[in-house]
$ cat data_0.cif   # mmCIF, C-alpha atoms
data_run
loop_
_atom_site.label_atom_id
_atom_site.label_comp_id
_atom_site.auth_asym_id
_atom_site.auth_seq_id
_atom_site.Cartn_x
_atom_site.Cartn_y
_atom_site.Cartn_z
CA MET A 156 19.59 -17.67 4.18
CA LYS A 157 16.44 -19.61 4.97
CA PHE A 158 13.60 -19.70 2.41
CA ARG A 159 10.02 -19.80 3.51
CA ASN A 160 6.65 -19.45 1.74
CA ILE A 161 4.66 -16.88 3.67
CA LYS A 162 0.96 -16.61 2.97
CA VAL A 163 0.17 -13.39 1.14
CA PRO A 164 -3.01 -11.55 2.23
CA GLU A 165 -5.96 -11.69 -0.17
CA GLY A 166 -7.56 -8.76 -1.96
CA ILE A 167 -4.44 -6.84 -3.02
CA ASN A 168 -4.35 -7.72 -6.70
CA VAL A 169 -8.13 -8.01 -6.92
CA SER A 170 -10.19 -5.01 -5.91
CA ARG A 171 -13.22 -5.49 -3.74
CA HIS A 172 -16.13 -4.03 -5.64
CA SER A 173 -19.57 -4.89 -6.92
CA PRO A 174 -19.43 -5.80 -10.61
CA LEU A 175 -23.19 -5.29 -10.92
CA ALA A 176 -23.01 -1.74 -9.60
CA GLU A 177 -20.21 -1.01 -12.02
CA PHE A 178 -22.27 -2.45 -14.86
CA PHE A 179 -25.33 -0.34 -14.09
CA ILE A 180 -23.38 2.89 -13.58
CA LEU A 181 -21.37 2.49 -16.78
CA SER A 182 -24.22 1.36 -19.03
CA GLY A 183 -26.45 4.10 -17.60
CA GLY A 184 -23.74 6.58 -18.53
CA VAL A 185 -23.53 5.24 -22.07
CA VAL A 186 -27.29 5.43 -22.56
CA VAL A 187 -27.47 8.98 -21.18
CA ILE A 188 -24.48 10.33 -23.10
CA PHE A 189 -25.09 8.66 -26.44
CA GLY A 190 -28.85 9.02 -26.12
CA GLY A 191 -28.39 12.76 -25.59
CA LEU A 192 -26.03 12.95 -28.52
CA ALA A 193 -28.48 11.03 -30.71
CA ILE A 194 -31.42 13.22 -29.70
CA ALA A 195 -29.37 16.33 -30.44
CA ALA A 196 -28.32 14.96 -33.85
CA LEU A 197 -31.86 13.92 -34.78
CA LEU A 198 -33.47 17.21 -33.73
CA LEU A 199 -30.74 19.34 -35.27
CA GLY A 200 -30.80 17.40 -38.54
CA ALA A 201 -34.59 17.59 -38.70
CA ALA A 202 -34.69 21.30 -37.85
CA LEU A 203 -32.06 22.13 -40.46
CA ALA A 204 -33.78 20.05 -43.13
CA ARG A 205 -37.17 21.69 -42.44
CA HIS A 206 -35.57 25.00 -43.34
CA MET A 207 -33.81 23.91 -46.48
CA PRO A 208 -34.93 25.84 -49.57
CA VAL A 209 -37.89 24.27 -51.37
CA SER A 210 -35.83 24.21 -54.56
CA TRP A 211 -33.29 21.89 -52.91
CA GLU A 212 -36.03 19.54 -51.77
CA ASN A 213 -37.52 19.49 -55.27
CA ALA A 214 -34.10 18.81 -56.76
CA LEU A 215 -33.52 15.94 -54.32
CA ALA A 216 -36.92 14.46 -55.17
CA ALA A 217 -36.24 14.81 -58.88
CA ALA A 218 -32.91 13.03 -58.49
CA VAL A 219 -34.73 10.04 -56.98
CA LEU A 220 -37.92 10.02 -59.05
CA ASP A 221 -36.48 10.87 -62.47
CA GLY A 222 -36.06 7.71 -64.44
CA ALA A 223 -38.45 5.79 -62.21
CA THR A 224 -41.38 4.58 -64.30
CA LEU A 225 -44.57 4.37 -62.31
CA PRO A 226 -47.39 2.16 -63.57
CA MET A 227 -50.53 3.78 -64.94
CA ASP A 228 -53.69 3.29 -62.92
CA PRO A 229 -56.27 0.88 -64.43
CA GLY A 230 -58.41 3.82 -65.54
CA ASP A 231 -55.69 5.07 -67.90
CA GLY A 232 -54.74 7.94 -65.66
CA LYS A 233 -58.32 8.91 -64.75
CA ALA A 234 -57.98 7.66 -61.16
CA THR A 235 -54.73 9.55 -60.71
CA ALA A 236 -56.32 12.67 -62.22
CA ALA A 237 -59.26 12.36 -59.79
CA LEU A 238 -56.83 12.05 -56.87
CA GLN A 239 -54.90 15.07 -58.11
CA ALA A 240 -58.13 17.08 -58.41
CA LEU A 241 -59.00 16.21 -54.81
CA ALA A 242 -55.53 17.29 -53.70
CA ASP A 243 -55.91 20.59 -55.53
CA ARG A 244 -59.27 21.25 -53.81
CA LEU A 245 -57.79 20.45 -50.40
CA ALA A 246 -54.74 22.66 -51.02
CA ALA A 247 -56.76 25.75 -50.04
CA GLY A 248 -57.01 24.44 -46.46
CA ILE A 249 -53.35 23.48 -46.14
CA ASP A 250 -50.51 25.90 -45.73
CA LEU A 251 -48.12 24.58 -48.38
CA PRO A 252 -44.76 26.39 -48.63
CA GLU A 253 -44.16 28.59 -51.66
CA GLY A 254 -43.03 26.48 -54.60
CA LEU A 255 -43.86 23.12 -53.02
CA GLY A 256 -46.81 21.61 -54.88
CA VAL A 257 -48.46 18.25 -54.28
CA THR A 258 -48.16 15.64 -57.05
CA VAL A 259 -50.22 12.48 -56.57
CA HIS A 260 -49.11 9.05 -57.81
CA TYR A 261 -50.88 5.73 -57.98
CA LEU A 262 -49.15 2.49 -56.96
CA GLU A 263 -50.44 -0.90 -58.09
CA ASP A 264 -50.23 -2.87 -54.83
CA ASP A 265 -52.52 -4.47 -52.25
CA GLN A 266 -51.04 -2.55 -49.32
CA VAL A 267 -53.55 -0.45 -47.39
CA ASN A 268 -51.32 2.58 -47.22
CA ALA A 269 -50.36 5.96 -48.60
CA PHE A 270 -47.25 8.05 -48.04
CA ALA A 271 -45.73 11.42 -48.77
CA THR A 272 -42.12 11.92 -49.73
CA LEU A 273 -39.71 14.68 -50.73
CA GLY A 274 -40.83 17.34 -53.18
CA GLY A 275 -44.55 16.99 -52.40
CA HIS A 276 -44.90 13.59 -54.07
CA VAL A 277 -47.76 11.64 -52.50
CA PHE A 278 -48.27 7.95 -53.28
CA PHE A 279 -51.48 5.96 -52.92
CA PHE A 280 -51.60 2.18 -52.99
CA ARG A 281 -54.50 0.52 -54.79
CA GLY A 282 -55.25 -1.48 -51.62
CA LEU A 283 -56.10 1.72 -49.77
CA LEU A 284 -58.13 3.28 -52.60
CA GLN A 285 -60.24 0.13 -52.88
CA ARG A 286 -61.22 0.36 -49.22
CA MET A 287 -62.34 4.01 -49.28
CA PRO A 288 -66.16 4.12 -49.00
CA ASP A 289 -66.57 7.82 -49.79
CA GLU A 290 -64.66 10.93 -50.79
CA ASN A 291 -64.57 12.26 -47.22
CA ALA A 292 -62.54 9.28 -46.01
CA LEU A 293 -60.14 9.61 -48.93
CA ALA A 294 -59.87 13.37 -48.38
CA MET A 295 -58.73 12.76 -44.80
CA VAL A 296 -55.89 10.51 -46.01
CA MET A 297 -54.98 12.96 -48.76
CA ALA A 298 -55.02 15.92 -46.35
CA HIS A 299 -52.90 13.94 -43.85
CA GLU A 300 -50.23 13.29 -46.48
CA MET A 301 -50.44 16.90 -47.70
CA ALA A 302 -49.99 18.08 -44.11
CA HIS A 303 -46.77 16.02 -43.96
CA VAL A 304 -45.63 17.84 -47.11
CA ALA A 305 -46.62 21.23 -45.69
CA ASN A 306 -44.86 20.49 -42.38
CA ARG A 307 -41.84 19.33 -44.40
CA ASP A 308 -41.85 16.04 -42.52
CA PRO A 309 -40.27 13.99 -45.33
CA ALA A 310 -37.37 16.44 -45.48
CA ALA A 311 -37.11 16.51 -41.66
CA ALA A 312 -37.10 12.72 -41.47
CA LEU A 313 -34.35 12.58 -44.07
CA GLY A 314 -32.24 15.29 -42.41
CA GLY A 315 -32.73 13.85 -38.94
CA THR A 316 -31.87 10.28 -39.87
CA LEU A 317 -28.91 11.36 -41.97
CA LEU A 318 -27.30 13.31 -39.14
CA LEU A 319 -28.20 10.57 -36.66
CA GLN A 320 -26.62 7.92 -38.90
CA LEU A 321 -23.53 10.07 -39.26
CA VAL A 322 -23.16 10.45 -35.50
CA LEU A 323 -23.84 6.74 -34.96
CA ALA A 324 -21.29 5.81 -37.60
CA VAL A 325 -18.64 7.92 -35.89
CA VAL A 326 -19.53 6.65 -32.41
CA LEU A 327 -19.90 3.00 -33.38
CA ASN A 328 -16.69 3.07 -35.36
CA ASN A 329 -14.91 3.83 -32.11
CA ALA A 330 -17.09 1.79 -29.77
CA PRO A 331 -16.66 -1.97 -29.33
CA GLU A 332 -19.18 -4.05 -31.24
CA SER A 333 -20.82 -5.56 -28.19
CA LEU A 334 -22.05 -2.11 -27.17
CA GLU A 335 -23.90 -1.53 -30.44
CA GLY A 336 -27.16 -2.81 -29.03
CA LEU A 337 -26.88 -0.49 -26.06
CA ILE A 338 -26.49 2.48 -28.40
CA TYR A 339 -28.88 1.39 -31.18
CA GLY A 340 -31.80 0.28 -29.02
CA PRO A 341 -32.74 3.70 -27.63
CA ASN A 342 -32.36 5.22 -31.09
CA ALA A 343 -35.04 3.04 -32.61
CA LEU A 344 -37.36 4.21 -29.83
CA LEU A 345 -36.30 7.80 -30.37
CA LEU A 346 -37.03 7.68 -34.10
CA SER A 347 -40.47 6.18 -33.57
CA ASP A 348 -41.31 8.77 -30.92
CA PHE A 349 -40.21 11.55 -33.26
CA SER A 350 -42.37 10.07 -36.00
CA ARG A 351 -45.44 9.70 -33.74
CA ASP A 352 -45.36 13.42 -32.94
CA ALA A 353 -45.30 14.29 -36.64
CA GLU A 354 -48.25 11.95 -37.28
CA ARG A 355 -50.35 13.57 -34.55
CA LEU A 356 -49.70 17.01 -35.98
CA ALA A 357 -50.55 15.85 -39.51
CA ASP A 358 -53.83 14.36 -38.24
CA ARG A 359 -54.81 17.70 -36.71
CA ASP A 360 -53.93 19.71 -39.82
CA ALA A 361 -55.72 17.18 -42.02
CA LEU A 362 -58.95 17.36 -40.04
CA ALA A 363 -58.86 21.16 -40.30
CA ALA A 364 -58.44 20.98 -44.09
CA VAL A 365 -61.24 18.41 -44.43
CA ALA A 366 -63.57 20.47 -42.26
CA ALA A 367 -62.74 23.56 -44.33
CA LEU A 368 -63.60 21.74 -47.57
CA TYR A 369 -66.81 19.95 -46.58
CA GLY A 370 -67.98 22.09 -43.65
CA HIS A 371 -67.88 19.07 -41.34
CA GLY A 372 -65.53 16.24 -40.31
CA ALA A 373 -67.77 13.29 -41.14
CA GLY A 374 -65.86 10.30 -42.50
CA ALA A 375 -62.53 11.61 -41.23
CA ALA A 376 -62.07 8.69 -38.82
CA THR A 377 -62.97 6.08 -41.46
CA ILE A 378 -59.33 5.46 -42.39
CA PHE A 379 -58.43 4.36 -38.86
CA GLU A 380 -61.41 2.01 -38.78
CA VAL A 381 -60.20 0.61 -42.11
CA PHE A 382 -56.74 0.06 -40.57
CA LEU A 383 -58.30 -1.70 -37.58
CA GLU A 384 -60.46 -3.91 -39.84
CA GLU A 385 -57.47 -4.69 -42.01
CA ALA A 386 -55.42 -5.69 -38.97
CA ALA A 387 -58.26 -7.91 -37.74
CA ARG A 388 -58.63 -9.48 -41.19
CA THR A 389 -54.93 -10.34 -41.55
CA GLY A 390 -54.70 -11.30 -37.89
CA THR A 391 -51.83 -8.89 -37.16
CA SER A 392 -51.85 -6.88 -33.98
CA GLU A 393 -50.55 -3.37 -33.61
CA PRO A 394 -47.08 -3.18 -32.09
CA PRO A 395 -46.88 -1.66 -28.61
CA ALA A 396 -47.32 2.12 -28.83
CA PHE A 397 -43.77 2.99 -27.74
CA LEU A 398 -42.28 0.93 -30.57
CA SER A 399 -44.61 2.09 -33.32
CA THR A 400 -43.95 4.90 -35.79
CA HIS A 401 -47.66 5.85 -35.66
CA PRO A 402 -49.95 6.45 -32.68
CA LEU A 403 -52.45 3.66 -32.08
CA ASN A 404 -55.53 3.83 -34.32
CA LYS A 405 -57.96 4.05 -31.40
CA GLU A 406 -55.95 6.91 -29.93
CA ARG A 407 -56.03 8.71 -33.28
CA ILE A 408 -59.82 8.38 -33.55
CA GLY A 409 -60.15 9.74 -30.02
CA ALA A 410 -57.85 12.67 -30.80
CA LEU A 411 -59.88 13.57 -33.91
CA ASN A 412 -63.13 13.54 -31.95
CA ALA A 413 -61.59 15.71 -29.23
CA LEU A 414 -60.25 18.21 -31.73
CA ALA A 415 -63.59 18.40 -33.58
CA ARG A 416 -65.42 19.06 -30.30
CA GLN A 417 -62.93 21.75 -29.35
CA ARG A 418 -63.19 23.57 -32.69
CA GLY A 419 -66.95 23.08 -33.01
CA TRP A 420 -66.76 20.96 -36.20
CA ALA A 421 -69.65 18.58 -36.71
CA LEU A 422 -68.67 14.95 -37.08
CA GLU A 423 -71.97 14.16 -38.73
CA GLY A 424 -72.82 15.40 -42.19
CA ALA A 425 -73.64 14.40 -45.75
CA LEU A 426 -70.91 12.18 -47.19
CA THR A 427 -69.74 12.99 -50.71
CA PRO A 428 -69.59 9.98 -53.05
CA LEU A 429 -66.26 9.06 -54.66
CA PRO A 430 -65.51 10.42 -58.15
CA PRO A 431 -66.46 7.77 -60.76
CA ALA A 432 -62.83 6.90 -61.65
CA LEU A 433 -62.10 6.01 -58.03
CA ALA A 434 -65.46 4.36 -57.39
CA ARG A 435 -64.66 2.01 -60.27
CA LEU A 436 -61.46 0.87 -58.52
CA ARG A 437 -63.52 -0.06 -55.50
CA ALA A 438 -65.87 -2.14 -57.57
CA LYS A 439 -62.95 -4.16 -58.97
CA PRO A 440 -62.20 -7.32 -56.99
CA MET B 239 -43.01 -7.73 -37.05
CA GLU B 240 -39.80 -5.72 -37.15
CA TYR B 241 -40.23 -4.67 -33.54
CA LEU B 242 -40.18 -8.31 -32.45
CA THR B 243 -36.67 -8.74 -33.84
CA GLU B 244 -35.56 -5.67 -31.93
CA ILE B 245 -37.08 -6.92 -28.68
CA TRP B 246 -35.53 -10.33 -29.28
CA GLN B 247 -32.08 -8.83 -29.83
CA ILE B 248 -32.28 -6.83 -26.62
CA LEU B 249 -33.52 -9.88 -24.72
CA LEU B 250 -30.67 -11.94 -26.13
CA VAL B 251 -28.07 -9.49 -24.84
CA VAL B 252 -29.79 -9.40 -21.43
CA LEU B 253 -29.87 -13.21 -21.37
CA LEU B 254 -26.19 -13.48 -22.29
CA LEU B 255 -25.32 -10.92 -19.63
CA MET B 256 -27.26 -12.83 -16.99
CA LEU B 257 -25.74 -16.15 -18.03
CA GLY B 258 -22.28 -14.60 -18.08
CA TYR B 259 -22.76 -13.04 -14.68
CA GLY B 260 -24.27 -16.13 -13.08
CA PHE B 261 -21.93 -18.76 -14.45
CA GLY B 262 -18.89 -16.48 -14.35
CA ARG B 263 -19.44 -15.78 -10.68
CA LEU B 264 -20.04 -19.42 -9.89
CA ALA B 265 -16.88 -20.50 -11.72
CA GLU B 266 -14.85 -17.79 -10.05
CA ARG B 267 -15.98 -18.70 -6.54
CA ARG B 268 -15.28 -22.37 -7.08
CA HIS B 269 -11.89 -21.62 -8.56
CA TYR B 270 -10.84 -19.39 -5.68
CA ARG B 271 -11.88 -22.08 -3.23
CA THR B 272 -9.60 -24.68 -4.86
CA ILE B 273 -6.80 -22.14 -5.24
CA LEU B 274 -6.82 -21.36 -1.52
CA ARG B 275 -6.97 -25.04 -0.59
CA ARG B 276 -4.13 -26.05 -2.91
CA GLU B 277 -1.94 -23.09 -1.93
CA GLU B 278 -2.26 -24.32 1.64
CA ALA B 279 -1.37 -27.89 0.62
CA LEU B 280 1.68 -26.90 -1.45
CA GLY B 281 2.90 -24.31 1.06
CA ASP B 282 6.01 -26.30 1.98
CA LEU B 283 7.37 -26.19 -1.58
CA ILE B 284 9.47 -23.04 -1.72
CA VAL B 285 8.95 -20.82 -4.76
CA VAL B 286 11.38 -17.93 -5.29
CA CYS B 287 12.33 -15.62 -8.11
CA SER B 288 16.08 -15.36 -7.46
CA LYS B 289 18.26 -16.32 -10.42
CA THR B 290 20.84 -18.25 -8.47
CA LEU B 291 20.66 -20.95 -5.85
CA PRO B 292 21.92 -20.18 -2.34
CA GLU B 293 25.42 -21.62 -1.67
CA ALA B 294 24.01 -23.87 1.04
CA ALA B 295 21.98 -25.82 -1.49
CA GLY B 296 25.13 -27.43 -2.85
CA ALA B 297 24.89 -29.01 -6.30
CA PRO B 298 21.48 -30.70 -6.47
CA ALA B 299 19.70 -32.06 -9.54
CA THR B 300 17.62 -29.40 -11.30
CA ARG B 301 14.87 -29.54 -13.81
CA LEU B 302 12.65 -27.10 -15.69
CA VAL B 303 9.09 -27.17 -14.40
CA MET B 304 6.12 -25.30 -15.70
CA GLY B 305 2.43 -24.81 -15.24
CA SER B 306 0.14 -23.28 -17.78
CA VAL B 307 -3.52 -22.39 -17.74
CA VAL B 308 -6.05 -20.78 -20.08
CA VAL B 309 -8.98 -18.96 -18.49
CA SER B 310 -11.83 -17.54 -20.52
CA VAL B 311 -13.52 -14.26 -19.78
CA ASP B 312 -17.30 -14.40 -19.59
CA TYR B 313 -19.77 -12.22 -21.56
CA PHE B 314 -20.59 -10.06 -18.57
CA LYS B 315 -16.96 -9.28 -17.69
CA ARG B 316 -16.21 -8.50 -21.30
CA PHE B 317 -19.23 -6.21 -21.59
CA VAL B 318 -18.25 -4.23 -18.49
CA ALA B 319 -14.63 -4.06 -19.68
CA HIS B 320 -15.84 -2.64 -23.00
CA LEU B 321 -17.82 0.00 -21.13
CA ARG B 322 -14.60 0.80 -19.26
CA MET B 323 -12.85 1.34 -22.58
CA LEU B 324 -15.16 4.31 -23.19
CA PHE B 325 -14.75 5.91 -19.79
CA GLY B 326 -11.31 4.80 -18.66
CA GLY B 327 -10.31 3.63 -15.19
CA ARG B 328 -9.37 0.31 -13.65
CA VAL B 329 -10.86 -2.71 -15.35
CA HIS B 330 -11.97 -4.40 -12.12
CA THR B 331 -13.70 -7.25 -13.86
CA TYR B 332 -10.49 -8.47 -15.51
CA GLU B 333 -8.38 -8.23 -12.34
CA SER B 334 -9.81 -11.36 -10.77
CA LEU B 335 -9.45 -13.20 -14.06
CA VAL B 336 -5.73 -12.50 -14.35
CA ASP B 337 -5.18 -13.11 -10.64
CA ARG B 338 -6.82 -16.54 -10.86
CA ALA B 339 -4.83 -17.45 -13.96
CA ARG B 340 -1.46 -16.48 -12.40
CA ARG B 341 -2.12 -18.37 -9.18
CA GLU B 342 -3.44 -21.41 -10.99
CA ALA B 343 -0.36 -21.51 -13.26
CA LEU B 344 1.89 -21.24 -10.22
CA LEU B 345 0.02 -24.09 -8.50
CA ARG B 346 0.32 -26.33 -11.54
CA MET B 347 4.04 -25.64 -11.72
CA GLN B 348 4.35 -26.48 -8.02
CA ALA B 349 2.35 -29.67 -8.56
CA GLU B 350 4.74 -30.70 -11.30
CA ALA B 351 7.75 -29.98 -9.11
CA LYS B 352 6.19 -31.89 -6.22
CA ALA B 353 5.69 -34.89 -8.48
CA LEU B 354 9.40 -34.77 -9.30
CA GLY B 355 10.20 -34.77 -5.58
CA ALA B 356 11.52 -31.19 -5.60
CA THR B 357 11.76 -29.08 -2.45
CA MET B 358 12.18 -25.71 -4.08
CA ILE B 359 11.71 -23.83 -7.33
CA PHE B 360 13.99 -20.92 -8.10
CA ASN B 361 14.15 -18.43 -10.97
CA THR B 362 10.35 -18.45 -11.29
CA ARG B 363 8.99 -16.48 -14.26
CA PHE B 364 5.56 -15.69 -15.71
CA GLU B 365 4.45 -15.29 -19.28
CA THR B 366 1.00 -13.92 -20.00
CA SER B 367 -0.61 -13.85 -23.39
CA SER B 368 -4.07 -13.30 -24.69
CA ILE B 369 -5.63 -15.89 -26.92
CA SER B 370 -7.88 -14.68 -29.76
CA LYS B 371 -6.25 -11.29 -29.66
CA GLY B 372 -7.68 -8.75 -32.08
CA GLN B 373 -10.73 -10.79 -33.01
CA ASP B 374 -13.44 -8.43 -31.95
CA LYS B 375 -16.35 -10.86 -32.07
CA SER B 376 -14.75 -13.62 -30.02
CA VAL B 377 -14.79 -13.73 -26.27
CA GLY B 378 -11.17 -13.43 -25.20
CA SER B 379 -9.22 -15.70 -22.94
CA VAL B 380 -5.93 -15.33 -21.17
CA GLU B 381 -3.09 -17.83 -21.04
CA VAL B 382 -0.58 -17.71 -18.20
CA LEU B 383 2.56 -19.80 -18.15
CA ALA B 384 4.64 -20.06 -15.00
CA TYR B 385 8.06 -21.73 -15.24
CA GLY B 386 11.09 -22.13 -13.07
CA THR B 387 13.93 -24.41 -12.09
CA ALA B 388 13.00 -27.14 -9.67
CA VAL B 389 15.60 -28.22 -7.15
CA ILE B 390 15.55 -31.96 -6.51
CA PRO B 391 17.77 -32.94 -3.56
#

$ encode --input "data_0.cif" --output "structure tokens"
Amino acid sequence: MKFRNIKVPEGINVSRHSPLAEFFILSGGVVVIFGGLAIAALLLGAALARHMPVSWENALAAAVLDGATLPMDPGDGKATAALQALADRLAAGIDLPEGLGVTVHYLEDDQVNAFATLGGHVFFFRGLLQRMPDENALAMVMAHEMAHVANRDPAAALGGTLLLQLVLAVVLNNAPESLEGLIYGPNALLLSDFSRDAERLADRDALAAVAALYGHGAGAATIFEVFLEEAARTGTSEPPAFLSTHPLNKERIGALNALARQRGWALEGALTPLPPALARLRAKP
Amino acid sequence: MEYLTEIWQILLVVLLLMLGYGFGRLAERRHYRTILRREEALGDLIVVCSKTLPEAAGAPATRLVMGSVVVSVDYFKRFVAHLRMLFGGRVHTYESLVDRARREALLRMQAEAKALGATMIFNTRFETSSISKGQDKSVGSVEVLAYGTAVIP
């Protein structure tokens, strides 16, 4: 027997293929499949939560808020009472579900913000109250938060994120760690898109409630101008629209003007001064 | 500023993928070039897998020779392989890695035998093991050991 090394042809143990094409096809598949799954989970969770009984939502809110001690406003509760009175007047123009009332709270902080959460609890930061020039501007913010309550947005956000987190936990538990970014990235975009839609709807409902109360929409856009001024003052810029949880302020002002034109609401009118308890906050440095 | 962190994280993955693809491809091309050249050069040293020597070889001196190599997978290959784990199918990106490692180990074993003045290696065997097995965060690498009995006339 004679031994010889014969040259073996190339390309038998290694397949000829384009690794880049494989990469794009596979990652595209992951984004489509898991993105679809995430959208389904978010929408289903949100839709289910919007229909949960009001009593459940109130019980959930109570579980979180009970035991939490909120600070009293500087006017010994007078500012909070004035805010609550405004909410009660606006309630006529907002379609709140049976059994879901709005409770206003004051928060001692410089943030220029307000938010609504489960059970109709609406929170106002001192920073925002101090920058409200008149009652009409404040009413727009209040009506916006009340519209979130009426649309059950806090509950929907909770239900949607819970189901989304559950699906992500199951998927990510089985997916290799390096793919997390591929799966998480689109979800952040998805959540912010979902949130932007809810904000637009709340803006529309709020303008309707304000117009119903005062007979005109004057001062309704003030809040967005305040946000823009605040951003200019602190030197922060708005994030790009597709990454933000809220539509851009300029877009929101434009949408309000368009809606007012369409419904025939005047955007000029006599502005109502702030109730004394709230005007006093503004005077404070 | 939260969105900046998100953008940065996505950019980082893209950067790592591009680096992995670029450098991985470069390394692989270079490696294949030397493999082909050295296989040509060591072609006269017979390598077989049979357990016993042919009768005609008589009773020469023998010695254990081996060649071992560790090759690391790059970020891009690993990423694509992980995608494969979800969908199934042939992991093309790892095939070239293992092929290069086996051939390199064989070449190193041949080089060792050549240095000993051998004309043939019989009973050639391969061992393959993965380094950093089970550590999910680390980029894996493969070790291949080729060994056999060199025949020194």

$ resolve_selection --input "data_0.cif" --expression "the PyMOL selection byres ((chain A) within 6 of (chain B))" --output "compact mmCIF listing (two decimals) with C-alpha atoms, in the frame of the given file"
# COMPACT_ATOMS: atom_id res chain seq x y z
CA ASN A 160 6.65 -19.45 1.74
CA VAL A 169 -8.13 -8.01 -6.92
CA PHE A 178 -22.27 -2.45 -14.86

$ residues_around --input "data_0.cif" --residues "range 230-234 of chain A" --least-positions-apart "4" --cutoff "12 Å" --atoms "only C-alpha atoms" --output "list in words"
Leu225, Pro226, Leu238, Gln239, Ala240, Leu241, Val259, His260, Tyr261, Leu262, Glu263, Phe279, Phe280, Arg281, Leu284, Gln285, Leu429, Pro430, Pro431, Ala432, Leu433, Ala434, Arg435, Leu436, Arg437 and Lys439 of chain A

$ write_last_selection --input "data_0.cif" --atoms "C-alpha atoms" --output "mmCIF file, in the frame of the given file"
data_model
loop_
_atom_site.group_PDB
_atom_site.id
_atom_site.type_symbol
_atom_site.label_atom_id
_atom_site.label_comp_id
_atom_site.auth_asym_id
_atom_site.auth_seq_id
_atom_site.Cartn_x
_atom_site.Cartn_y
_atom_site.Cartn_z
ATOM 1 C CA LEU A 225 -44.570 4.370 -62.310
ATOM 2 C CA PRO A 226 -47.390 2.160 -63.570
ATOM 3 C CA LEU A 238 -56.830 12.050 -56.870
ATOM 4 C CA GLN A 239 -54.900 15.070 -58.110
ATOM 5 C CA ALA A 240 -58.130 17.080 -58.410
ATOM 6 C CA LEU A 241 -59.000 16.210 -54.810
ATOM 7 C CA VAL A 259 -50.220 12.480 -56.570
ATOM 8 C CA HIS A 260 -49.110 9.050 -57.810
ATOM 9 C CA TYR A 261 -50.880 5.730 -57.980
ATOM 10 C CA LEU A 262 -49.150 2.490 -56.960
ATOM 11 C CA GLU A 263 -50.440 -0.900 -58.090
ATOM 12 C CA PHE A 279 -51.480 5.960 -52.920
ATOM 13 C CA PHE A 280 -51.600 2.180 -52.990
ATOM 14 C CA ARG A 281 -54.500 0.520 -54.790
ATOM 15 C CA LEU A 284 -58.130 3.280 -52.600
ATOM 16 C CA GLN A 285 -60.240 0.130 -52.880
ATOM 17 C CA LEU A 429 -66.260 9.060 -54.660
ATOM 18 C CA PRO A 430 -65.510 10.420 -58.150
ATOM 19 C CA PRO A 431 -66.460 7.770 -60.760
ATOM 20 C CA ALA A 432 -62.830 6.900 -61.650
ATOM 21 C CA LEU A 433 -62.100 6.010 -58.030
ATOM 22 C CA ALA A 434 -65.460 4.360 -57.390
ATOM 23 C CA ARG A 435 -64.660 2.010 -60.270
ATOM 24 C CA LEU A 436 -61.460 0.870 -58.520
ATOM 25 C CA ARG A 437 -63.520 -0.060 -55.500
ATOM 26 C CA LYS A 439 -62.950 -4.160 -58.970
#

$ closest_residue --input "data_0.cif" --among "A:Ala376, A:Leu197, A:Ala305, A:Ala386" --to "Arg407 in chain A" --atoms "all atoms listed in the file"
A:Ala376

$ atom_distance --input "data_0.cif" --atom1 "CA of Leu327 in chain A" --atom2 "CA of Leu257 in chain B"
25.2 Å

$ resolve_selection --input "data_0.cif" --expression "the PyMOL selection byres ((chain A and resi 367) around 12)" --output "list in words"
Arg244, Leu245, Ala246, Ala247, Gly248, Ile249, Asn291, Ala294, Met295, Ala298, Asp360, Ala361, Leu362, Ala363, Ala364, Val365, Ala366, Leu368, Tyr369, Gly370, His371, Gly372, Ala373, Ala415, Arg418, Trp420 and Ala421 of chain A
